[in-house]
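Engineer: As input, take entry-v5.cif (mmCIF, C-alpha atoms):
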```cif
data_model
#
loop_
_atom_site.group_PDB
_atom_site.id
_atom_site.type_symbol
_atom_site.label_atom_id
_atom_site.label_comp_id
_atom_site.auth_asym_id
_atom_site.auth_seq_id
_atom_site.Cartn_x
_atom_site.Cartn_y
_atom_site.Cartn_z
ATOM 1 C CA MET A 44 1.250 10.265 -4.255
ATOM 2 C CA LYS A 45 2.062 6.564 -3.963
ATOM 3 C CA ASN A 46 0.039 4.093 -5.971
ATOM 4 C CA ILE A 47 -3.033 2.570 -4.369
ATOM 5 C CA TYR A 48 -3.446 -1.102 -5.244
ATOM 6 C CA LEU A 49 -6.876 -2.623 -4.642
ATOM 7 C CA VAL A 50 -6.573 -6.392 -4.474
ATOM 8 C CA GLY A 51 -8.943 -9.192 -3.563
ATOM 9 C CA PHE A 52 -11.232 -11.725 -5.101
ATOM 10 C CA MET A 53 -13.386 -11.026 -8.145
ATOM 11 C CA ALA A 54 -16.610 -9.080 -7.561
ATOM 12 C CA THR A 55 -15.460 -7.448 -4.321
ATOM 13 C CA GLY A 56 -15.686 -3.963 -5.845
ATOM 14 C CA LYS A 57 -12.079 -3.247 -6.795
ATOM 15 C CA THR A 58 -12.828 -1.518 -10.097
ATOM 16 C CA ALA A 59 -15.794 0.501 -8.823
ATOM 17 C CA VAL A 60 -13.879 1.658 -5.740
ATOM 18 C CA ALA A 61 -10.777 2.495 -7.812
ATOM 19 C CA LYS A 62 -12.941 4.722 -10.038
ATOM 20 C CA VAL A 63 -14.180 6.659 -7.015
ATOM 21 C CA LEU A 64 -10.664 6.988 -5.588
ATOM 22 C CA ALA A 65 -9.215 8.136 -8.918
ATOM 23 C CA SER A 66 -11.883 10.801 -9.196
ATOM 24 C CA ARG A 67 -11.656 12.044 -5.614
ATOM 25 C CA LEU A 68 -7.866 11.992 -5.341
ATOM 26 C CA ASN A 69 -7.119 13.062 -8.910
ATOM 27 C CA LEU A 70 -5.254 9.821 -9.644
ATOM 28 C CA LYS A 71 -4.878 7.907 -12.884
ATOM 29 C CA LEU A 72 -7.344 5.007 -12.961
ATOM 30 C CA VAL A 73 -5.774 1.698 -13.975
ATOM 31 C CA ASP A 74 -8.051 -1.302 -14.482
ATOM 32 C CA MET A 75 -5.594 -4.145 -14.875
ATOM 33 C CA ASP A 76 -8.012 -6.633 -16.438
ATOM 34 C CA ALA A 77 -9.388 -4.069 -18.907
ATOM 35 C CA GLU A 78 -5.899 -3.022 -19.990
ATOM 36 C CA ILE A 79 -4.785 -6.624 -20.461
ATOM 37 C CA GLU A 80 -7.897 -7.277 -22.559
ATOM 38 C CA GLU A 81 -7.124 -4.218 -24.662
ATOM 39 C CA LYS A 82 -3.498 -5.231 -25.171
ATOM 40 C CA GLU A 83 -4.419 -8.814 -26.069
ATOM 41 C CA LYS A 84 -7.442 -7.726 -28.134
ATOM 42 C CA MET A 85 -9.676 -10.325 -26.490
ATOM 43 C CA PRO A 86 -11.620 -10.829 -23.256
ATOM 44 C CA ILE A 87 -9.934 -12.553 -20.336
ATOM 45 C CA SER A 88 -12.283 -15.523 -20.757
ATOM 46 C CA GLU A 89 -10.859 -15.997 -24.277
ATOM 47 C CA ILE A 90 -7.271 -15.594 -23.069
ATOM 48 C CA PHE A 91 -7.927 -18.371 -20.539
ATOM 49 C CA ARG A 92 -9.631 -20.567 -23.121
ATOM 50 C CA LEU A 93 -7.143 -20.091 -25.964
ATOM 51 C CA LYS A 94 -3.838 -19.538 -24.155
ATOM 52 C CA GLY A 95 -4.414 -20.855 -20.632
ATOM 53 C CA GLU A 96 -4.217 -19.466 -17.122
ATOM 54 C CA PRO A 97 -0.378 -19.587 -16.890
ATOM 55 C CA TYR A 98 -0.139 -17.333 -19.955
ATOM 56 C CA PHE A 99 -2.618 -14.892 -18.388
ATOM 57 C CA ARG A 100 -0.713 -14.870 -15.073
ATOM 58 C CA GLY A 101 2.435 -14.039 -17.038
ATOM 59 C CA LEU A 102 0.642 -11.066 -18.597
ATOM 60 C CA GLU A 103 -0.348 -9.898 -15.123
ATOM 61 C CA LYS A 104 3.232 -10.181 -13.881
ATOM 62 C CA GLU A 105 4.536 -8.088 -16.781
ATOM 63 C CA PHE A 106 1.806 -5.544 -16.168
ATOM 64 C CA VAL A 107 2.783 -5.206 -12.498
ATOM 65 C CA LYS A 108 6.414 -4.676 -13.514
ATOM 66 C CA ARG A 109 5.353 -1.837 -15.831
ATOM 67 C CA LEU A 110 3.107 -0.221 -13.194
ATOM 68 C CA THR A 111 5.604 -0.108 -10.375
ATOM 69 C CA GLY A 112 7.807 2.918 -10.307
ATOM 70 C CA ARG A 113 5.059 5.200 -11.596
ATOM 71 C CA LYS A 114 3.143 7.309 -9.106
ATOM 72 C CA GLY A 115 -0.363 8.637 -8.701
ATOM 73 C CA GLN A 116 -2.374 5.589 -9.785
ATOM 74 C CA ALA A 117 -5.485 3.938 -8.377
ATOM 75 C CA VAL A 118 -5.084 0.349 -9.565
ATOM 76 C CA ALA A 119 -7.917 -2.166 -9.691
ATOM 77 C CA CYS A 120 -5.993 -5.437 -9.753
ATOM 78 C CA GLY A 121 -7.116 -8.748 -11.174
ATOM 79 C CA GLY A 122 -8.339 -11.191 -8.539
ATOM 80 C CA GLY A 123 -5.357 -13.531 -8.825
ATOM 81 C CA VAL A 124 -2.503 -11.077 -9.344
ATOM 82 C CA PHE A 125 -1.792 -10.838 -5.605
ATOM 83 C CA ALA A 126 -1.363 -14.616 -5.342
ATOM 84 C CA ASP A 127 2.158 -14.332 -6.772
ATOM 85 C CA PRO A 128 4.965 -13.588 -4.273
ATOM 86 C CA GLU A 129 6.914 -11.464 -6.771
ATOM 87 C CA ASN A 130 3.847 -9.325 -7.495
ATOM 88 C CA ILE A 131 3.147 -8.980 -3.773
ATOM 89 C CA ASP A 132 6.668 -7.767 -3.111
ATOM 90 C CA ARG A 133 6.645 -5.257 -5.965
ATOM 91 C CA MET A 134 3.241 -3.838 -5.116
ATOM 92 C CA LYS A 135 3.879 -3.546 -1.379
ATOM 93 C CA LYS A 136 7.166 -1.718 -1.961
ATOM 94 C CA ASP A 137 5.618 0.571 -4.562
ATOM 95 C CA GLY A 138 2.411 1.677 -2.868
ATOM 96 C CA ILE A 139 -0.386 0.969 -0.445
ATOM 97 C CA VAL A 140 -2.087 -2.403 -0.933
ATOM 98 C CA ILE A 141 -5.674 -2.685 0.283
ATOM 99 C CA CYS A 142 -7.546 -5.970 0.060
ATOM 100 C CA LEU A 143 -11.306 -5.792 -0.437
ATOM 101 C CA THR A 144 -13.174 -8.839 0.839
ATOM 102 C CA SER A 145 -16.690 -10.269 0.671
ATOM 103 C CA ARG A 146 -18.377 -13.542 1.612
ATOM 104 C CA PRO A 147 -18.613 -16.291 -1.044
ATOM 105 C CA GLU A 148 -22.394 -15.858 -1.288
ATOM 106 C CA THR A 149 -22.014 -12.151 -2.026
ATOM 107 C CA ILE A 150 -19.273 -12.790 -4.578
ATOM 108 C CA LEU A 151 -21.419 -15.385 -6.329
ATOM 109 C CA ARG A 152 -24.418 -13.051 -6.434
ATOM 110 C CA ARG A 153 -22.339 -10.185 -7.841
ATOM 111 C CA ALA A 154 -20.377 -12.357 -10.283
ATOM 112 C CA ALA A 155 -23.458 -14.170 -11.580
ATOM 113 C CA ALA A 156 -24.344 -11.104 -13.623
ATOM 114 C CA ASN A 157 -21.077 -11.419 -15.537
ATOM 115 C CA ALA A 158 -20.668 -14.565 -17.642
ATOM 116 C CA SER A 159 -17.090 -13.628 -18.545
ATOM 117 C CA ARG A 160 -15.610 -14.915 -15.278
ATOM 118 C CA PRO A 161 -13.559 -17.864 -16.586
ATOM 119 C CA LEU A 162 -12.762 -19.337 -13.180
ATOM 120 C CA LEU A 163 -16.486 -19.637 -12.391
ATOM 121 C CA ASN A 164 -17.499 -21.481 -15.552
ATOM 122 C CA VAL A 165 -17.812 -24.708 -13.571
ATOM 123 C CA ALA A 166 -20.632 -26.939 -12.323
ATOM 124 C CA ASP A 167 -20.541 -25.566 -8.746
ATOM 125 C CA PRO A 168 -19.324 -21.948 -8.825
ATOM 126 C CA LYS A 169 -19.898 -21.342 -5.092
ATOM 127 C CA LYS A 170 -17.650 -24.278 -4.226
ATOM 128 C CA LYS A 171 -15.045 -22.951 -6.681
ATOM 129 C CA ILE A 172 -15.198 -19.515 -5.028
ATOM 130 C CA GLU A 173 -14.711 -21.080 -1.594
ATOM 131 C CA GLU A 174 -11.750 -23.152 -2.842
ATOM 132 C CA LEU A 175 -10.070 -20.171 -4.502
ATOM 133 C CA LEU A 176 -10.660 -17.930 -1.489
ATOM 134 C CA GLU A 177 -9.082 -20.506 0.788
ATOM 135 C CA LYS A 178 -6.116 -20.899 -1.549
ATOM 136 C CA ARG A 179 -5.594 -17.155 -1.950
ATOM 137 C CA GLN A 180 -6.262 -16.132 1.666
ATOM 138 C CA PRO A 181 -2.594 -16.389 2.788
ATOM 139 C CA PHE A 182 -1.656 -14.045 -0.063
ATOM 140 C CA TYR A 183 -4.499 -11.581 0.468
ATOM 141 C CA ALA A 184 -3.573 -11.470 4.179
ATOM 142 C CA GLN A 185 -0.258 -9.858 3.183
ATOM 143 C CA ALA A 186 -1.957 -6.638 2.026
ATOM 144 C CA HIS A 187 -1.218 -3.565 4.117
ATOM 145 C CA HIS A 188 -4.916 -3.239 4.992
ATOM 146 C CA THR A 189 -8.139 -5.220 4.548
ATOM 147 C CA ILE A 190 -11.680 -3.909 4.237
ATOM 148 C CA ASP A 191 -14.722 -6.154 4.502
ATOM 149 C CA CYS A 192 -16.964 -4.756 1.753
ATOM 150 C CA ASP A 193 -19.653 -7.394 2.061
ATOM 151 C CA ALA A 194 -22.331 -5.054 3.411
ATOM 152 C CA LEU A 195 -20.867 -1.802 2.063
ATOM 153 C CA SER A 196 -21.907 0.180 -0.983
ATOM 154 C CA VAL A 197 -19.222 1.277 -3.429
ATOM 155 C CA GLU A 198 -19.327 4.731 -1.862
ATOM 156 C CA GLU A 199 -18.923 3.306 1.662
ATOM 157 C CA SER A 200 -16.067 1.060 0.530
ATOM 158 C CA ALA A 201 -14.310 4.024 -1.083
ATOM 159 C CA GLN A 202 -14.788 6.053 2.092
ATOM 160 C CA ALA A 203 -13.207 3.224 4.121
ATOM 161 C CA VAL A 204 -10.193 3.312 1.798
ATOM 162 C CA LEU A 205 -9.964 7.097 2.077
ATOM 163 C CA SER A 206 -9.994 6.788 5.885
ATOM 164 C CA ILE A 207 -7.062 4.386 5.717
ATOM 165 C CA LEU A 208 -5.169 6.661 3.341
ATOM 166 C CA GLN A 209 -5.467 9.595 5.757
ATOM 167 C CA HIS A 210 -3.193 7.691 8.142
ATOM 168 C CA GLU A 211 -0.637 6.585 5.537
ATOM 169 C CA ARG A 212 2.380 8.469 4.283
ATOM 170 C CA LEU A 213 1.571 8.952 0.643
#
```
When written as structure tokens, how does the structure in this file appear?
Structural biologist:
Amino acid sequence: MKNIYLVGFMATGKTAVAKVLASRLNLKLVDMDAEIEEKEKMPISEIFRLKGEPYFRGLEKEFVKRLTGRKGQAVACGGGVFADPENIDRMKKDGIVICLTSRPETILRRAAANASRPLLNVADPKKKIEELLEKRQPFYAQAHHTIDCDALSVEESAQAVLSILQHERL
């Protein structure tokens, strides 16, 4: 089976949905952020603080290179990984890319529970979310499919992905 790449902004449900897909489809679960944290032996917030965002984006790019070519993976991607044209090209050629979306208010509510979101450690996090969404939208729009998960549970979001996959050649 081809890889399934779940992309989109933080707190849209990528990791939770990937877990359901991995279980139901007997795929290897890959949580990109968690694996980068493990490799670097520090949380992403610390990577950003100590080494900077460009360093982190380089780690993501190397990770994507290592992932592509393998099969049978449900990949929960970092929120910014799909904002790089090289990553987009690799992922789209290698598997099915599905973008999960939510409104800024929903993202803020979900992300507020997690203080380790380095891009939201600003005075006005909702404004930052809106700015980043606007900046990343042209990239996210290049996914093979998009699912609005704003009002969906994890289970409903996973079911929407499974419905899409039934019509794809995997």
Engineer: Give as a list in words each residue that has an atom at most 7 Å from (-5.3, -3.4, -15.2) in the file, counting only C-alpha atoms.
Structural biologist: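 Applying the cut-off with only C-alpha atoms, one gets Val73, Asp74, Met75, Asp76, Ala77, Glu78, Ile79, Val118, Ala119, Cys120 and Gly121 of chain A.
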Engineer: From the options A:Pro147, A:Pro181, A:Pro168, A:Gly138, which residue's atoms come nearest to Leu110 (chain A), counting all atoms listed in the file?
Structural biologist: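 For Leu110 (chain A), the nearest of the candidates is A:Gly138.
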Engineer: Of the candidates A:Tyr48, A:Gly115, A:Ala61, A:Glu173, which one gets nearest to Asn130 (chain A) if we count all atoms listed in the file?
Structural biologist: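 The shortest atom-to-atom distance to Asn130 (chain A) comes from A:Tyr48.
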Engineer: Let me know the residues the PyMOL selection byres ((chain A and resi 99) around 12) catches in the file above, as a count of residues only.
Structural biologist: 32
Engineer: Output as lines of an AutoDock Vina configuration file the centre and edge lengths (Å, one decimal) of the box along x, y and z of the file that holds every listed atom of region 182-190 of chain A after adding 6 Å on each side.
Structural biologist:
```
center_x = -6.0
center_y = -8.6
center_z = 2.5
size_x = 23.4
size_y = 22.8
size_z = 17.1
```
Engineer: Distance CA of Ala155 (chain A)-CA of Ser200 (chain A), one decimal place?
Structural biologist: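 Computing it gives 20.8 Å between the two atoms.
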Engineer: Using all atoms listed in the file, which of A:Gln185, A:Gln209, A:Gln116, A:Ser196 sits nearest Cys142 (chain A)?
Structural biologist: A:Gln185
Engineer: Which residue gives the smallest distance to Val60 (chain A) among A:Lys45, A:Glu211, A:Leu72, A:Leu163, with all atoms listed in the file counted?
Structural biologist: A:Leu72
Engineer: Could you tell me how far CA of Ser145 (chain A) sits from CA of Glu129 (chain A), in Å to one decimal place?
Structural biologist: 24.8 Å
Engineer: Show me, as a list of chain:residue names, the residues that have an atom within 12 Å of Lys178 (chain A) when counting all atoms listed in the file, minus same-chain residues fewer than 3 positions from it.
Structural biologist: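 The residues satisfying every condition are A:Phe52, A:Gly123, A:Phe125, A:Ala126, A:Asp127, A:Lys171, A:Ile172, A:Glu173, A:Glu174, A:Leu175, A:Pro181, A:Phe182, A:Tyr183, A:Ala184.
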Engineer: Considering only C-alpha atoms, can you say which of A:Leu49, A:Cys192, A:Ala201, A:Val165 comes closest to Met134 (chain A)?
Structural biologist: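 Smallest distance to Met134 (chain A) is found for A:Leu49.
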Engineer: Of the candidates A:Ala186, A:Leu143, A:Ala154, A:Leu68, which shows the shortest atom-to-atom distance to Leu205 (chain A), using all atoms listed in the file?
Structural biologist: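 For Leu205 (chain A), the nearest of the given residues is A:Leu68.
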Engineer: What do you get, as a VMD selection string, if you spell out every residue that the PyMOL selection byres ((chain A and resi 139) around 7) selects here?
Structural biologist: chain A and resid 46 to 48 135 138 140 to 141 187
Engineer: Could you work out how far CA of Leu151 (chain A) lies from CA of Met53 (chain A), giving the answer in Å with one decimal?
Structural biologist: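 For CA of Met53 (chain A) relative to CA of Leu151 (chain A), the distance reads 9.3 Å.
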Engineer: Could region 107-142 of chain A be completed with N, CA and C atoms and written as a PDB file, in the frame of the given file, please?
Structural biologist:
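And here's part05.pdb as it stands now:
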```pdb
ATOM      1  N   VAL A 107       2.360  -5.716 -13.807  1.00  0.00           N
ATOM      2  CA  VAL A 107       2.783  -5.206 -12.498  1.00  0.00           C
ATOM      3  C   VAL A 107       4.176  -4.589 -12.608  1.00  0.00           C
ATOM      4  N   LYS A 108       5.068  -5.228 -13.330  1.00  0.00           N
ATOM      5  CA  LYS A 108       6.414  -4.676 -13.514  1.00  0.00           C
ATOM      6  C   LYS A 108       6.356  -3.296 -14.157  1.00  0.00           C
ATOM      7  N   ARG A 109       5.481  -3.131 -15.148  1.00  0.00           N
ATOM      8  CA  ARG A 109       5.353  -1.837 -15.831  1.00  0.00           C
ATOM      9  C   ARG A 109       4.720  -0.776 -14.932  1.00  0.00           C
ATOM     10  N   LEU A 110       3.805  -1.180 -14.073  1.00  0.00           N
ATOM     11  CA  LEU A 110       3.107  -0.221 -13.194  1.00  0.00           C
ATOM     12  C   LEU A 110       4.006   0.341 -12.108  1.00  0.00           C
ATOM     13  N   THR A 111       4.800  -0.530 -11.513  1.00  0.00           N
ATOM     14  CA  THR A 111       5.604  -0.108 -10.375  1.00  0.00           C
ATOM     15  C   THR A 111       6.649   0.902 -10.832  1.00  0.00           C
ATOM     16  N   GLY A 112       6.867   1.856  -9.980  1.00  0.00           N
ATOM     17  CA  GLY A 112       7.807   2.918 -10.307  1.00  0.00           C
ATOM     18  C   GLY A 112       7.095   4.179 -10.765  1.00  0.00           C
ATOM     19  N   ARG A 113       5.876   4.036 -11.267  1.00  0.00           N
ATOM     20  CA  ARG A 113       5.059   5.200 -11.596  1.00  0.00           C
ATOM     21  C   ARG A 113       4.330   5.614 -10.326  1.00  0.00           C
ATOM     22  N   LYS A 114       3.866   6.820 -10.295  1.00  0.00           N
ATOM     23  CA  LYS A 114       3.143   7.309  -9.106  1.00  0.00           C
ATOM     24  C   LYS A 114       1.771   7.821  -9.505  1.00  0.00           C
ATOM     25  N   GLY A 115       0.924   8.003  -8.497  1.00  0.00           N
ATOM     26  CA  GLY A 115      -0.363   8.637  -8.701  1.00  0.00           C
ATOM     27  C   GLY A 115      -1.398   7.794  -9.418  1.00  0.00           C
ATOM     28  N   GLN A 116      -1.432   6.486  -9.123  1.00  0.00           N
ATOM     29  CA  GLN A 116      -2.374   5.589  -9.785  1.00  0.00           C
ATOM     30  C   GLN A 116      -3.277   4.896  -8.767  1.00  0.00           C
ATOM     31  N   ALA A 117      -4.551   4.772  -9.128  1.00  0.00           N
ATOM     32  CA  ALA A 117      -5.485   3.938  -8.377  1.00  0.00           C
ATOM     33  C   ALA A 117      -5.673   2.692  -9.224  1.00  0.00           C
ATOM     34  N   VAL A 118      -5.157   1.564  -8.751  1.00  0.00           N
ATOM     35  CA  VAL A 118      -5.084   0.349  -9.565  1.00  0.00           C
ATOM     36  C   VAL A 118      -6.083  -0.694  -9.067  1.00  0.00           C
ATOM     37  N   ALA A 119      -7.007  -1.052  -9.952  1.00  0.00           N
ATOM     38  CA  ALA A 119      -7.917  -2.166  -9.691  1.00  0.00           C
ATOM     39  C   ALA A 119      -7.226  -3.407 -10.244  1.00  0.00           C
ATOM     40  N   CYS A 120      -6.778  -4.262  -9.353  1.00  0.00           N
ATOM     41  CA  CYS A 120      -5.993  -5.437  -9.753  1.00  0.00           C
ATOM     42  C   CYS A 120      -6.902  -6.624 -10.068  1.00  0.00           C
ATOM     43  N   GLY A 121      -6.419  -7.496 -10.924  1.00  0.00           N
ATOM     44  CA  GLY A 121      -7.116  -8.748 -11.174  1.00  0.00           C
ATOM     45  C   GLY A 121      -7.140  -9.582  -9.900  1.00  0.00           C
ATOM     46  N   GLY A 122      -8.141 -10.422  -9.759  1.00  0.00           N
ATOM     47  CA  GLY A 122      -8.339 -11.191  -8.539  1.00  0.00           C
ATOM     48  C   GLY A 122      -7.197 -12.104  -8.148  1.00  0.00           C
ATOM     49  N   GLY A 123      -6.432 -12.593  -9.121  1.00  0.00           N
ATOM     50  CA  GLY A 123      -5.357 -13.531  -8.825  1.00  0.00           C
ATOM     51  C   GLY A 123      -3.964 -12.940  -8.836  1.00  0.00           C
ATOM     52  N   VAL A 124      -3.834 -11.674  -9.197  1.00  0.00           N
ATOM     53  CA  VAL A 124      -2.503 -11.077  -9.344  1.00  0.00           C
ATOM     54  C   VAL A 124      -1.735 -11.044  -8.023  1.00  0.00           C
ATOM     55  N   PHE A 125      -2.456 -10.937  -6.906  1.00  0.00           N
ATOM     56  CA  PHE A 125      -1.792 -10.838  -5.605  1.00  0.00           C
ATOM     57  C   PHE A 125      -1.495 -12.213  -5.012  1.00  0.00           C
ATOM     58  N   ALA A 126      -1.689 -13.263  -5.800  1.00  0.00           N
ATOM     59  CA  ALA A 126      -1.363 -14.616  -5.342  1.00  0.00           C
ATOM     60  C   ALA A 126       0.014 -15.035  -5.845  1.00  0.00           C
ATOM     61  N   ASP A 127       0.801 -14.079  -6.277  1.00  0.00           N
ATOM     62  CA  ASP A 127       2.158 -14.332  -6.772  1.00  0.00           C
ATOM     63  C   ASP A 127       3.132 -13.566  -5.881  1.00  0.00           C
ATOM     64  N   PRO A 128       4.058 -14.258  -5.214  1.00  0.00           N
ATOM     65  CA  PRO A 128       4.965 -13.588  -4.273  1.00  0.00           C
ATOM     66  C   PRO A 128       5.753 -12.426  -4.881  1.00  0.00           C
ATOM     67  N   GLU A 129       6.168 -12.547  -6.130  1.00  0.00           N
ATOM     68  CA  GLU A 129       6.914 -11.464  -6.771  1.00  0.00           C
ATOM     69  C   GLU A 129       6.024 -10.224  -6.946  1.00  0.00           C
ATOM     70  N   ASN A 130       4.778 -10.444  -7.357  1.00  0.00           N
ATOM     71  CA  ASN A 130       3.847  -9.325  -7.495  1.00  0.00           C
ATOM     72  C   ASN A 130       3.576  -8.677  -6.144  1.00  0.00           C
ATOM     73  N   ILE A 131       3.394  -9.493  -5.122  1.00  0.00           N
ATOM     74  CA  ILE A 131       3.147  -8.980  -3.773  1.00  0.00           C
ATOM     75  C   ILE A 131       4.281  -8.068  -3.348  1.00  0.00           C
ATOM     76  N   ASP A 132       5.491  -8.538  -3.518  1.00  0.00           N
ATOM     77  CA  ASP A 132       6.668  -7.767  -3.111  1.00  0.00           C
ATOM     78  C   ASP A 132       6.743  -6.437  -3.858  1.00  0.00           C
ATOM     79  N   ARG A 133       6.573  -6.486  -5.157  1.00  0.00           N
ATOM     80  CA  ARG A 133       6.645  -5.257  -5.965  1.00  0.00           C
ATOM     81  C   ARG A 133       5.572  -4.248  -5.553  1.00  0.00           C
ATOM     82  N   MET A 134       4.351  -4.730  -5.413  1.00  0.00           N
ATOM     83  CA  MET A 134       3.241  -3.838  -5.116  1.00  0.00           C
ATOM     84  C   MET A 134       3.361  -3.243  -3.715  1.00  0.00           C
ATOM     85  N   LYS A 135       3.758  -4.051  -2.746  1.00  0.00           N
ATOM     86  CA  LYS A 135       3.879  -3.546  -1.379  1.00  0.00           C
ATOM     87  C   LYS A 135       4.995  -2.518  -1.245  1.00  0.00           C
ATOM     88  N   LYS A 136       6.067  -2.691  -2.001  1.00  0.00           N
ATOM     89  CA  LYS A 136       7.166  -1.718  -1.961  1.00  0.00           C
ATOM     90  C   LYS A 136       6.807  -0.432  -2.695  1.00  0.00           C
ATOM     91  N   ASP A 137       5.927  -0.551  -3.682  1.00  0.00           N
ATOM     92  CA  ASP A 137       5.618   0.571  -4.562  1.00  0.00           C
ATOM     93  C   ASP A 137       4.474   1.450  -4.067  1.00  0.00           C
ATOM     94  N   GLY A 138       3.578   0.901  -3.266  1.00  0.00           N
ATOM     95  CA  GLY A 138       2.411   1.677  -2.868  1.00  0.00           C
ATOM     96  C   GLY A 138       1.713   1.088  -1.665  1.00  0.00           C
ATOM     97  N   ILE A 139       0.458   1.467  -1.523  1.00  0.00           N
ATOM     98  CA  ILE A 139      -0.386   0.969  -0.445  1.00  0.00           C
ATOM     99  C   ILE A 139      -1.293  -0.107  -1.039  1.00  0.00           C
ATOM    100  N   VAL A 140      -1.269  -1.295  -0.446  1.00  0.00           N
ATOM    101  CA  VAL A 140      -2.087  -2.403  -0.933  1.00  0.00           C
ATOM    102  C   VAL A 140      -3.245  -2.613   0.029  1.00  0.00           C
ATOM    103  N   ILE A 141      -4.467  -2.514  -0.523  1.00  0.00           N
ATOM    104  CA  ILE A 141      -5.674  -2.685   0.283  1.00  0.00           C
ATOM    105  C   ILE A 141      -6.484  -3.821  -0.324  1.00  0.00           C
ATOM    106  N   CYS A 142      -6.773  -4.815   0.503  1.00  0.00           N
ATOM    107  CA  CYS A 142      -7.546  -5.970   0.060  1.00  0.00           C
ATOM    108  C   CYS A 142      -9.014  -5.752   0.390  1.00  0.00           C
TER     109      CYS A 142
END
```
